[in-house]
Structure formats: structure tokens, C-alpha cells
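Enquirer: My structure is in run07.cif, and what it holds is mmCIF, N, CA and C atoms:
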```cif
data_model
#
loop_
_atom_site.label_atom_id
_atom_site.label_comp_id
_atom_site.auth_asym_id
_atom_site.auth_seq_id
_atom_site.Cartn_x
_atom_site.Cartn_y
_atom_site.Cartn_z
N MET A 233 43.65 35.17 -31.68
CA MET A 233 44.31 36.01 -30.71
C MET A 233 43.78 35.63 -29.32
N SER A 234 44.68 35.43 -28.39
CA SER A 234 44.28 34.95 -27.08
C SER A 234 43.74 36.06 -26.19
N ALA A 235 42.93 35.65 -25.24
CA ALA A 235 42.39 36.61 -24.27
C ALA A 235 43.51 37.21 -23.44
N LEU A 236 44.51 36.40 -23.12
CA LEU A 236 45.65 36.89 -22.34
C LEU A 236 46.36 38.02 -23.08
N TYR A 237 46.57 37.85 -24.37
CA TYR A 237 47.22 38.88 -25.18
C TYR A 237 46.42 40.17 -25.16
N LEU A 238 45.10 40.07 -25.27
CA LEU A 238 44.26 41.27 -25.24
C LEU A 238 44.33 41.96 -23.88
N HIS A 239 44.40 41.17 -22.81
CA HIS A 239 44.54 41.75 -21.47
C HIS A 239 45.90 42.45 -21.33
N VAL A 240 46.93 41.84 -21.90
CA VAL A 240 48.25 42.46 -21.85
C VAL A 240 48.25 43.78 -22.61
N MET A 241 47.62 43.82 -23.77
CA MET A 241 47.54 45.07 -24.54
C MET A 241 46.81 46.15 -23.75
N PHE A 242 45.71 45.77 -23.08
CA PHE A 242 44.97 46.72 -22.25
C PHE A 242 45.85 47.22 -21.11
N GLY A 243 46.55 46.31 -20.46
CA GLY A 243 47.44 46.67 -19.36
C GLY A 243 48.59 47.55 -19.79
N LEU A 244 49.14 47.25 -20.96
CA LEU A 244 50.22 48.07 -21.50
C LEU A 244 49.74 49.50 -21.76
N GLY A 245 48.58 49.63 -22.39
CA GLY A 245 48.01 50.96 -22.62
C GLY A 245 47.74 51.68 -21.31
N GLY A 246 47.16 50.98 -20.35
CA GLY A 246 46.87 51.59 -19.05
C GLY A 246 48.12 52.04 -18.33
N GLY A 247 49.16 51.22 -18.38
CA GLY A 247 50.42 51.58 -17.74
C GLY A 247 51.05 52.81 -18.37
N LEU A 248 51.05 52.86 -19.71
CA LEU A 248 51.60 54.03 -20.41
C LEU A 248 50.81 55.29 -20.07
N GLY A 249 49.48 55.16 -20.02
CA GLY A 249 48.65 56.31 -19.67
C GLY A 249 48.91 56.80 -18.25
N ALA A 250 49.05 55.87 -17.32
CA ALA A 250 49.29 56.24 -15.93
C ALA A 250 50.64 56.93 -15.76
N VAL A 251 51.66 56.43 -16.46
CA VAL A 251 52.98 57.05 -16.38
C VAL A 251 52.94 58.47 -16.96
N LEU A 252 52.26 58.67 -18.07
CA LEU A 252 52.15 60.01 -18.65
C LEU A 252 51.37 60.94 -17.73
N ARG A 253 50.29 60.43 -17.11
CA ARG A 253 49.53 61.26 -16.15
C ARG A 253 50.42 61.69 -15.00
N HIS A 254 51.20 60.77 -14.47
CA HIS A 254 52.10 61.08 -13.36
C HIS A 254 53.14 62.11 -13.78
N TRP A 255 53.67 61.98 -14.99
CA TRP A 255 54.66 62.92 -15.51
C TRP A 255 54.06 64.33 -15.59
N ILE A 256 52.85 64.43 -16.08
CA ILE A 256 52.18 65.74 -16.18
C ILE A 256 51.91 66.30 -14.79
N ALA A 257 51.46 65.46 -13.87
CA ALA A 257 51.16 65.92 -12.50
C ALA A 257 52.41 66.47 -11.81
N LEU A 258 53.57 65.91 -12.12
CA LEU A 258 54.81 66.40 -11.52
C LEU A 258 55.22 67.77 -12.07
N ARG A 259 54.71 68.12 -13.23
CA ARG A 259 55.11 69.37 -13.87
C ARG A 259 54.09 70.50 -13.71
N VAL A 260 52.88 70.18 -13.32
CA VAL A 260 51.84 71.19 -13.13
C VAL A 260 51.67 71.43 -11.64
N HIS A 261 52.15 72.56 -11.18
CA HIS A 261 52.09 72.88 -9.76
C HIS A 261 51.10 74.02 -9.54
N HIS A 262 50.08 73.73 -8.79
CA HIS A 262 49.08 74.76 -8.46
C HIS A 262 48.30 74.27 -7.26
N ASP A 263 47.73 75.19 -6.50
CA ASP A 263 46.96 74.78 -5.33
C ASP A 263 45.56 74.30 -5.71
N LEU A 264 45.15 74.51 -6.97
CA LEU A 264 43.91 73.94 -7.47
C LEU A 264 44.26 72.72 -8.33
N PRO A 265 43.35 71.78 -8.49
CA PRO A 265 43.68 70.52 -9.19
C PRO A 265 43.75 70.66 -10.72
N PHE A 266 44.62 71.53 -11.20
CA PHE A 266 44.74 71.74 -12.63
C PHE A 266 45.34 70.55 -13.36
N ALA A 267 46.26 69.84 -12.74
CA ALA A 267 46.87 68.68 -13.40
C ALA A 267 45.80 67.64 -13.73
N THR A 268 44.92 67.38 -12.79
CA THR A 268 43.84 66.42 -13.03
C THR A 268 42.91 66.92 -14.12
N LEU A 269 42.59 68.21 -14.08
CA LEU A 269 41.73 68.79 -15.11
C LEU A 269 42.39 68.66 -16.49
N ILE A 270 43.67 68.93 -16.57
CA ILE A 270 44.38 68.85 -17.85
C ILE A 270 44.38 67.43 -18.39
N VAL A 271 44.73 66.45 -17.56
CA VAL A 271 44.78 65.08 -18.07
C VAL A 271 43.39 64.57 -18.44
N ASN A 272 42.38 64.97 -17.70
CA ASN A 272 41.03 64.51 -18.03
C ASN A 272 40.53 65.13 -19.34
N ILE A 273 40.85 66.38 -19.56
CA ILE A 273 40.47 67.02 -20.83
C ILE A 273 41.24 66.41 -21.98
N LEU A 274 42.55 66.27 -21.83
CA LEU A 274 43.36 65.65 -22.89
C LEU A 274 42.92 64.21 -23.17
N GLY A 275 42.66 63.46 -22.12
CA GLY A 275 42.20 62.08 -22.30
C GLY A 275 40.86 62.01 -23.01
N SER A 276 39.95 62.90 -22.67
CA SER A 276 38.65 62.93 -23.32
C SER A 276 38.79 63.29 -24.80
N PHE A 277 39.67 64.25 -25.08
CA PHE A 277 39.91 64.64 -26.46
C PHE A 277 40.53 63.49 -27.26
N LEU A 278 41.55 62.85 -26.68
CA LEU A 278 42.18 61.72 -27.35
C LEU A 278 41.20 60.58 -27.58
N LEU A 279 40.36 60.32 -26.59
CA LEU A 279 39.37 59.26 -26.76
C LEU A 279 38.40 59.62 -27.86
N GLY A 280 37.98 60.88 -27.93
CA GLY A 280 37.11 61.31 -29.02
C GLY A 280 37.75 61.13 -30.38
N LEU A 281 39.04 61.50 -30.48
CA LEU A 281 39.76 61.30 -31.73
C LEU A 281 39.84 59.81 -32.09
N TRP A 282 40.22 59.01 -31.10
CA TRP A 282 40.40 57.58 -31.36
C TRP A 282 39.08 56.88 -31.66
N VAL A 283 38.03 57.20 -30.92
CA VAL A 283 36.74 56.58 -31.18
C VAL A 283 36.23 56.99 -32.55
N GLY A 284 36.39 58.26 -32.89
CA GLY A 284 36.01 58.70 -34.22
C GLY A 284 36.81 58.01 -35.30
N TYR A 285 38.09 57.84 -35.05
CA TYR A 285 38.98 57.17 -36.00
C TYR A 285 38.65 55.68 -36.08
N LEU A 286 38.46 55.05 -34.93
CA LEU A 286 38.16 53.62 -34.91
C LEU A 286 36.81 53.31 -35.53
N GLY A 287 35.87 54.25 -35.40
CA GLY A 287 34.54 54.04 -35.96
C GLY A 287 34.43 54.50 -37.40
N GLY A 288 35.51 55.07 -37.92
CA GLY A 288 35.50 55.58 -39.29
C GLY A 288 35.89 54.50 -40.29
N PRO A 289 36.43 54.94 -41.41
CA PRO A 289 36.75 54.02 -42.49
C PRO A 289 37.88 53.05 -42.16
N VAL A 290 38.72 53.39 -41.19
CA VAL A 290 39.81 52.50 -40.81
C VAL A 290 39.33 51.59 -39.68
N ASP A 291 39.43 50.32 -39.88
CA ASP A 291 38.99 49.38 -38.85
C ASP A 291 40.22 48.75 -38.22
N LEU A 292 40.55 49.20 -37.03
CA LEU A 292 41.69 48.64 -36.32
C LEU A 292 41.28 47.35 -35.63
N GLY A 293 42.25 46.55 -35.33
CA GLY A 293 41.99 45.28 -34.66
C GLY A 293 41.67 45.45 -33.20
N GLU A 294 41.29 44.34 -32.61
CA GLU A 294 40.91 44.33 -31.19
C GLU A 294 42.09 44.73 -30.30
N GLU A 295 43.31 44.35 -30.68
CA GLU A 295 44.46 44.71 -29.84
C GLU A 295 44.69 46.22 -29.82
N GLU A 296 44.46 46.91 -30.94
CA GLU A 296 44.60 48.36 -30.95
C GLU A 296 43.51 49.02 -30.11
N ARG A 297 42.31 48.47 -30.19
CA ARG A 297 41.22 49.01 -29.37
C ARG A 297 41.54 48.88 -27.89
N ARG A 298 42.04 47.72 -27.50
CA ARG A 298 42.39 47.51 -26.09
C ARG A 298 43.49 48.47 -25.65
N LEU A 299 44.48 48.67 -26.51
CA LEU A 299 45.57 49.57 -26.18
C LEU A 299 45.06 51.01 -26.00
N VAL A 300 44.19 51.44 -26.90
CA VAL A 300 43.63 52.80 -26.85
C VAL A 300 42.80 53.00 -25.59
N PHE A 301 41.87 52.08 -25.32
CA PHE A 301 41.00 52.24 -24.16
C PHE A 301 41.77 52.04 -22.86
N GLY A 302 42.76 51.18 -22.87
CA GLY A 302 43.62 51.03 -21.69
C GLY A 302 44.39 52.32 -21.41
N PHE A 303 44.95 52.90 -22.48
CA PHE A 303 45.70 54.15 -22.32
C PHE A 303 44.82 55.25 -21.74
N CYS A 304 43.65 55.45 -22.33
CA CYS A 304 42.76 56.52 -21.85
C CYS A 304 42.29 56.26 -20.42
N GLY A 305 42.05 55.00 -20.10
CA GLY A 305 41.65 54.66 -18.73
C GLY A 305 42.76 54.89 -17.73
N GLY A 306 43.99 54.60 -18.11
CA GLY A 306 45.13 54.83 -17.22
C GLY A 306 45.53 56.29 -17.13
N PHE A 307 45.30 57.01 -18.23
CA PHE A 307 45.70 58.42 -18.29
C PHE A 307 44.74 59.32 -17.53
N THR A 308 43.46 59.13 -17.74
CA THR A 308 42.47 59.97 -17.06
C THR A 308 42.21 59.42 -15.66
N THR A 309 41.61 60.25 -14.83
CA THR A 309 41.42 59.81 -13.45
C THR A 309 40.16 60.41 -12.83
N PHE A 310 39.15 59.60 -12.75
CA PHE A 310 37.91 60.06 -12.12
C PHE A 310 38.05 60.06 -10.61
N SER A 311 38.77 59.09 -10.07
CA SER A 311 38.89 59.01 -8.61
C SER A 311 39.63 60.22 -8.05
N SER A 312 40.70 60.65 -8.70
CA SER A 312 41.41 61.85 -8.24
C SER A 312 40.53 63.08 -8.36
N PHE A 313 39.79 63.17 -9.46
CA PHE A 313 38.86 64.29 -9.66
C PHE A 313 37.83 64.33 -8.52
N ALA A 314 37.26 63.19 -8.18
CA ALA A 314 36.25 63.14 -7.12
C ALA A 314 36.87 63.53 -5.77
N TYR A 315 38.04 62.97 -5.47
CA TYR A 315 38.71 63.26 -4.20
C TYR A 315 39.09 64.74 -4.12
N GLN A 316 39.66 65.28 -5.17
CA GLN A 316 40.09 66.67 -5.16
C GLN A 316 38.90 67.62 -5.05
N SER A 317 37.79 67.26 -5.65
CA SER A 317 36.58 68.08 -5.51
C SER A 317 36.10 68.07 -4.06
N LEU A 318 36.14 66.91 -3.42
CA LEU A 318 35.77 66.82 -2.01
C LEU A 318 36.72 67.64 -1.14
N GLU A 319 38.00 67.58 -1.44
CA GLU A 319 38.98 68.36 -0.68
C GLU A 319 38.77 69.87 -0.87
N LEU A 320 38.41 70.28 -2.08
CA LEU A 320 38.10 71.71 -2.29
C LEU A 320 36.94 72.13 -1.41
N ARG A 321 35.95 71.27 -1.27
CA ARG A 321 34.80 71.57 -0.42
C ARG A 321 35.22 71.64 1.04
N ARG A 322 36.05 70.72 1.46
CA ARG A 322 36.47 70.67 2.87
C ARG A 322 37.41 71.82 3.23
N GLU A 323 38.38 72.09 2.36
CA GLU A 323 39.43 73.05 2.69
C GLU A 323 39.16 74.46 2.21
N ARG A 324 38.31 74.60 1.22
CA ARG A 324 38.05 75.91 0.65
C ARG A 324 36.55 76.22 0.76
N THR A 325 35.89 76.26 -0.40
CA THR A 325 34.46 76.59 -0.41
C THR A 325 33.71 75.62 -1.30
N ILE A 326 32.42 75.56 -1.06
CA ILE A 326 31.58 74.73 -1.91
C ILE A 326 31.54 75.28 -3.33
N ALA A 327 31.70 76.60 -3.48
CA ALA A 327 31.71 77.21 -4.81
C ALA A 327 32.91 76.72 -5.64
N LEU A 328 34.07 76.60 -5.01
CA LEU A 328 35.24 76.08 -5.73
C LEU A 328 35.03 74.61 -6.11
N ALA A 329 34.49 73.84 -5.20
CA ALA A 329 34.24 72.43 -5.50
C ALA A 329 33.23 72.29 -6.64
N ALA A 330 32.15 73.05 -6.56
CA ALA A 330 31.13 73.00 -7.61
C ALA A 330 31.70 73.50 -8.94
N GLY A 331 32.51 74.54 -8.88
CA GLY A 331 33.15 75.04 -10.09
C GLY A 331 34.07 74.01 -10.72
N ASN A 332 34.82 73.31 -9.89
CA ASN A 332 35.71 72.25 -10.39
C ASN A 332 34.91 71.15 -11.07
N ILE A 333 33.81 70.77 -10.45
CA ILE A 333 32.97 69.70 -11.01
C ILE A 333 32.35 70.14 -12.33
N LEU A 334 31.74 71.31 -12.34
CA LEU A 334 31.07 71.79 -13.56
C LEU A 334 32.06 72.06 -14.69
N LEU A 335 33.17 72.70 -14.36
CA LEU A 335 34.18 72.98 -15.37
C LEU A 335 34.76 71.69 -15.95
N SER A 336 35.06 70.74 -15.08
CA SER A 336 35.60 69.46 -15.54
C SER A 336 34.63 68.73 -16.46
N LEU A 337 33.39 68.63 -16.04
CA LEU A 337 32.40 67.93 -16.87
C LEU A 337 32.19 68.63 -18.21
N ALA A 338 32.03 69.93 -18.16
CA ALA A 338 31.78 70.68 -19.40
C ALA A 338 32.97 70.58 -20.36
N LEU A 339 34.18 70.79 -19.85
CA LEU A 339 35.35 70.76 -20.72
C LEU A 339 35.67 69.36 -21.23
N CYS A 340 35.46 68.35 -20.40
CA CYS A 340 35.71 66.97 -20.85
C CYS A 340 34.69 66.55 -21.90
N TRP A 341 33.44 66.87 -21.70
CA TRP A 341 32.43 66.56 -22.71
C TRP A 341 32.72 67.30 -24.01
N PHE A 342 33.10 68.57 -23.91
CA PHE A 342 33.43 69.35 -25.10
C PHE A 342 34.64 68.75 -25.82
N ALA A 343 35.67 68.38 -25.06
CA ALA A 343 36.88 67.80 -25.66
C ALA A 343 36.56 66.49 -26.37
N LEU A 344 35.73 65.65 -25.76
CA LEU A 344 35.33 64.40 -26.40
C LEU A 344 34.57 64.67 -27.69
N TRP A 345 33.62 65.59 -27.63
CA TRP A 345 32.85 65.96 -28.82
C TRP A 345 33.76 66.53 -29.91
N LEU A 346 34.70 67.39 -29.53
CA LEU A 346 35.60 67.99 -30.50
C LEU A 346 36.45 66.91 -31.19
N GLY A 347 36.93 65.96 -30.40
CA GLY A 347 37.70 64.86 -30.98
C GLY A 347 36.88 64.06 -31.98
N LEU A 348 35.63 63.81 -31.65
CA LEU A 348 34.75 63.09 -32.57
C LEU A 348 34.49 63.89 -33.84
N VAL A 349 34.23 65.18 -33.69
CA VAL A 349 33.96 66.04 -34.83
C VAL A 349 35.16 66.15 -35.77
N LEU A 350 36.34 66.24 -35.19
CA LEU A 350 37.55 66.39 -36.00
C LEU A 350 37.87 65.15 -36.83
N THR A 351 37.33 64.01 -36.47
CA THR A 351 37.60 62.79 -37.22
C THR A 351 36.54 62.49 -38.25
N ARG A 352 35.54 63.33 -38.37
CA ARG A 352 34.49 63.11 -39.38
C ARG A 352 34.84 63.76 -40.67
#
```
Show the structure stored in the file as C-alpha cells.

Expert:
Amino acid sequence: MSALYLHVMFGLGGGLGAVLRHWIALRVHHDLPFATLIVNILGSFLLGLWVGYLGGPVDLGEEERRLVFGFCGGFTTFSSFAYQSLELRRERTIALAAGNILLSLALCWFALWLGLVLTR
């Protein structure tokens, strides 16, 4: 299997993830960054499921791994999370920014853990 093919699989996954993230962002309207929180939690959960599944009795090929990690990378967004947290600090309060950061980290870690646990 060529390196180019693996890059294409990663890019395909990333593109699909980015399109789904954009679709969700267009449907979640709120003055707080809930769309970003939702996609990051869902992406963490999906990654936990997939990593648990990939590390379990089923051994998927390298192309499936690239597709999965590309999708999760394109779907989730750390840069938007960081920017939106900074904007909450600038436009609102430091408490909202800190709450966004803590809630995001806690829920994403929990979602990842839950995905891993569910595949055991």
C-alpha cells in the first residue's frame, strides 16, 4: 500500500469530519460556543470507541486507521475551542472562559474514557 494512498485516506477522513462539524455548527445557534463543545465531545467519544475497537480483537488495516484519525482530526477543533475561550474572556468574563475550558476538558476526557470502556 502506497504512502500516497494512506495520505488520501487520512485526507478523506479529515474532509468528511470537517464537513460534518460545519453542518453541526450551522444548526447549533447559541451565544456560547456550544457547537464546538458538542463536536469536541462527540469526536472524543467516537475516538474512544474507535481506539477501543481498533485495539481490540478486530485488527483493522492502516487505511482504516488513517480514515478514523483523519475524521476525528477534521471533526474536532482545538483551535476554535481556544479562540472561543479567548473571546469569552474578552467579551464576557474570565469565569465564562474558565468554565468553557474546564467543562470542555472534563467532558471530552470523560467521553473518550466512556468510548474506551464501552468497547471492552

Enquirer: Just list as a PyMOL selection string whatever in segment 256-290 of chain A DSSP marks as alpha helix (DSSP H).

Expert: chain A and resi 256-259+266-286

Enquirer: Output N, CA and C atoms of each residue in that selection to a file, as a PDB file, in the coordinates of the input.

Expert:
```pdb
ATOM      1  N   ILE A 256      52.850  64.430 -16.080  1.00  0.00           N
ATOM      2  CA  ILE A 256      52.180  65.740 -16.180  1.00  0.00           C
ATOM      3  C   ILE A 256      51.910  66.300 -14.790  1.00  0.00           C
ATOM      4  N   ALA A 257      51.460  65.460 -13.870  1.00  0.00           N
ATOM      5  CA  ALA A 257      51.160  65.920 -12.500  1.00  0.00           C
ATOM      6  C   ALA A 257      52.410  66.470 -11.810  1.00  0.00           C
ATOM      7  N   LEU A 258      53.570  65.910 -12.120  1.00  0.00           N
ATOM      8  CA  LEU A 258      54.810  66.400 -11.520  1.00  0.00           C
ATOM      9  C   LEU A 258      55.220  67.770 -12.070  1.00  0.00           C
ATOM     10  N   ARG A 259      54.710  68.120 -13.230  1.00  0.00           N
ATOM     11  CA  ARG A 259      55.110  69.370 -13.870  1.00  0.00           C
ATOM     12  C   ARG A 259      54.090  70.500 -13.710  1.00  0.00           C
ATOM     13  N   PHE A 266      44.620  71.530 -11.200  1.00  0.00           N
ATOM     14  CA  PHE A 266      44.740  71.740 -12.630  1.00  0.00           C
ATOM     15  C   PHE A 266      45.340  70.550 -13.360  1.00  0.00           C
ATOM     16  N   ALA A 267      46.260  69.840 -12.740  1.00  0.00           N
ATOM     17  CA  ALA A 267      46.870  68.680 -13.400  1.00  0.00           C
ATOM     18  C   ALA A 267      45.800  67.640 -13.730  1.00  0.00           C
ATOM     19  N   THR A 268      44.920  67.380 -12.790  1.00  0.00           N
ATOM     20  CA  THR A 268      43.840  66.420 -13.030  1.00  0.00           C
ATOM     21  C   THR A 268      42.910  66.920 -14.120  1.00  0.00           C
ATOM     22  N   LEU A 269      42.590  68.210 -14.080  1.00  0.00           N
ATOM     23  CA  LEU A 269      41.730  68.790 -15.110  1.00  0.00           C
ATOM     24  C   LEU A 269      42.390  68.660 -16.490  1.00  0.00           C
ATOM     25  N   ILE A 270      43.670  68.930 -16.570  1.00  0.00           N
ATOM     26  CA  ILE A 270      44.380  68.850 -17.850  1.00  0.00           C
ATOM     27  C   ILE A 270      44.380  67.430 -18.390  1.00  0.00           C
ATOM     28  N   VAL A 271      44.730  66.450 -17.560  1.00  0.00           N
ATOM     29  CA  VAL A 271      44.780  65.080 -18.070  1.00  0.00           C
ATOM     30  C   VAL A 271      43.390  64.570 -18.440  1.00  0.00           C
ATOM     31  N   ASN A 272      42.380  64.970 -17.700  1.00  0.00           N
ATOM     32  CA  ASN A 272      41.030  64.510 -18.030  1.00  0.00           C
ATOM     33  C   ASN A 272      40.530  65.130 -19.340  1.00  0.00           C
ATOM     34  N   ILE A 273      40.850  66.380 -19.560  1.00  0.00           N
ATOM     35  CA  ILE A 273      40.470  67.020 -20.830  1.00  0.00           C
ATOM     36  C   ILE A 273      41.240  66.410 -21.980  1.00  0.00           C
ATOM     37  N   LEU A 274      42.550  66.270 -21.830  1.00  0.00           N
ATOM     38  CA  LEU A 274      43.360  65.650 -22.890  1.00  0.00           C
ATOM     39  C   LEU A 274      42.920  64.210 -23.170  1.00  0.00           C
ATOM     40  N   GLY A 275      42.660  63.460 -22.120  1.00  0.00           N
ATOM     41  CA  GLY A 275      42.200  62.080 -22.300  1.00  0.00           C
ATOM     42  C   GLY A 275      40.860  62.010 -23.010  1.00  0.00           C
ATOM     43  N   SER A 276      39.950  62.900 -22.670  1.00  0.00           N
ATOM     44  CA  SER A 276      38.650  62.930 -23.320  1.00  0.00           C
ATOM     45  C   SER A 276      38.790  63.290 -24.800  1.00  0.00           C
ATOM     46  N   PHE A 277      39.670  64.250 -25.080  1.00  0.00           N
ATOM     47  CA  PHE A 277      39.910  64.640 -26.460  1.00  0.00           C
ATOM     48  C   PHE A 277      40.530  63.490 -27.260  1.00  0.00           C
ATOM     49  N   LEU A 278      41.550  62.850 -26.680  1.00  0.00           N
ATOM     50  CA  LEU A 278      42.180  61.720 -27.350  1.00  0.00           C
ATOM     51  C   LEU A 278      41.200  60.580 -27.580  1.00  0.00           C
ATOM     52  N   LEU A 279      40.360  60.320 -26.590  1.00  0.00           N
ATOM     53  CA  LEU A 279      39.370  59.260 -26.760  1.00  0.00           C
ATOM     54  C   LEU A 279      38.400  59.620 -27.860  1.00  0.00           C
ATOM     55  N   GLY A 280      37.980  60.880 -27.930  1.00  0.00           N
ATOM     56  CA  GLY A 280      37.110  61.310 -29.020  1.00  0.00           C
ATOM     57  C   GLY A 280      37.750  61.130 -30.380  1.00  0.00           C
ATOM     58  N   LEU A 281      39.040  61.500 -30.480  1.00  0.00           N
ATOM     59  CA  LEU A 281      39.760  61.300 -31.730  1.00  0.00           C
ATOM     60  C   LEU A 281      39.840  59.810 -32.090  1.00  0.00           C
ATOM     61  N   TRP A 282      40.220  59.010 -31.100  1.00  0.00           N
ATOM     62  CA  TRP A 282      40.400  57.580 -31.360  1.00  0.00           C
ATOM     63  C   TRP A 282      39.080  56.880 -31.660  1.00  0.00           C
ATOM     64  N   VAL A 283      38.030  57.200 -30.920  1.00  0.00           N
ATOM     65  CA  VAL A 283      36.740  56.580 -31.180  1.00  0.00           C
ATOM     66  C   VAL A 283      36.230  56.990 -32.550  1.00  0.00           C
ATOM     67  N   GLY A 284      36.390  58.260 -32.890  1.00  0.00           N
ATOM     68  CA  GLY A 284      36.010  58.700 -34.220  1.00  0.00           C
ATOM     69  C   GLY A 284      36.810  58.010 -35.300  1.00  0.00           C
ATOM     70  N   TYR A 285      38.090  57.840 -35.050  1.00  0.00           N
ATOM     71  CA  TYR A 285      38.980  57.170 -36.000  1.00  0.00           C
ATOM     72  C   TYR A 285      38.650  55.680 -36.080  1.00  0.00           C
ATOM     73  N   LEU A 286      38.460  55.050 -34.930  1.00  0.00           N
ATOM     74  CA  LEU A 286      38.160  53.620 -34.910  1.00  0.00           C
ATOM     75  C   LEU A 286      36.810  53.310 -35.530  1.00  0.00           C
TER      76      LEU A 286
END
```

Enquirer: Skip segment 299-316 of chain A itself and residues of its chain fewer than 2 positions away, then list as an NGL selection string all residues within 6.5 Å of it, counting only N, CA and C atoms.

Expert: :A and (241-253 or 268 or 271-272 or 275 or 294-297 or 318-321)

Enquirer: Using all atoms listed in the file, which of A:Leu236, A:Thr325, A:Arg352, A:Phe277 sits nearest Cys340 of chain A?

Expert: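 Checking each of A:Leu236, A:Thr325, A:Arg352, A:Phe277 against Cys340 of chain A, counting all atoms listed in the file, the winner is A:Phe277.
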
Enquirer: Take atom CA of Ile270 of chain A and atom CA of Arg298 of chain A and report the distance between them in Å, one decimal.

Expert: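 Atom CA of Ile270 of chain A sits 23.0 Å away from atom CA of Arg298 of chain A.
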
Enquirer: Rank A:Met233, A:Leu348, A:Leu238, A:Ala257 by their smallest atom-to-atom distance to Trp282 of chain A, using only N, CA and C atoms, and report the top residue only.

Expert: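 For Trp282 of chain A, the nearest of the candidates is A:Leu348.
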
Enquirer: To one decimal place in Å, what is the distance between atom CA of Leu286 of chain A and atom C of Trp341 of chain A?

Expert: 18.3 Å

Enquirer: For the atom pair atom C of Leu350 of chain A and atom CA of Val283 of chain A, what is the interatomic distance in Å to one decimal place?

Expert: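 For atom C of Leu350 of chain A relative to atom CA of Val283 of chain A, the distance reads 10.3 Å.
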
Enquirer: Tell me which of A:His239, A:Ala267, A:His254, A:Ser276 sits closest to Leu339 of chain A, counting all atoms listed in the file.

Expert: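 So, comparing all the options, the nearest one is A:Ser276.
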
Enquirer: Out of A:Gly293, A:Ile273, A:Ala330, A:Leu258, which residue has the shortest atom-to-atom distance to Phe342 of chain A when counting all atoms listed in the file?

Expert: A:Ile273

Enquirer: Emit as AutoDock Vina command-line options the padded axis-aligned box for all listed atoms of segment 244-250 of chain A, 3 Å per side, with centre and edge lengths in Å to one decimal.

Expert:
```
--center_x 49.2 --center_y 52.1 --center_z -19.2 --size_x 10.7 --size_y 15.7 --size_z 12.9
```
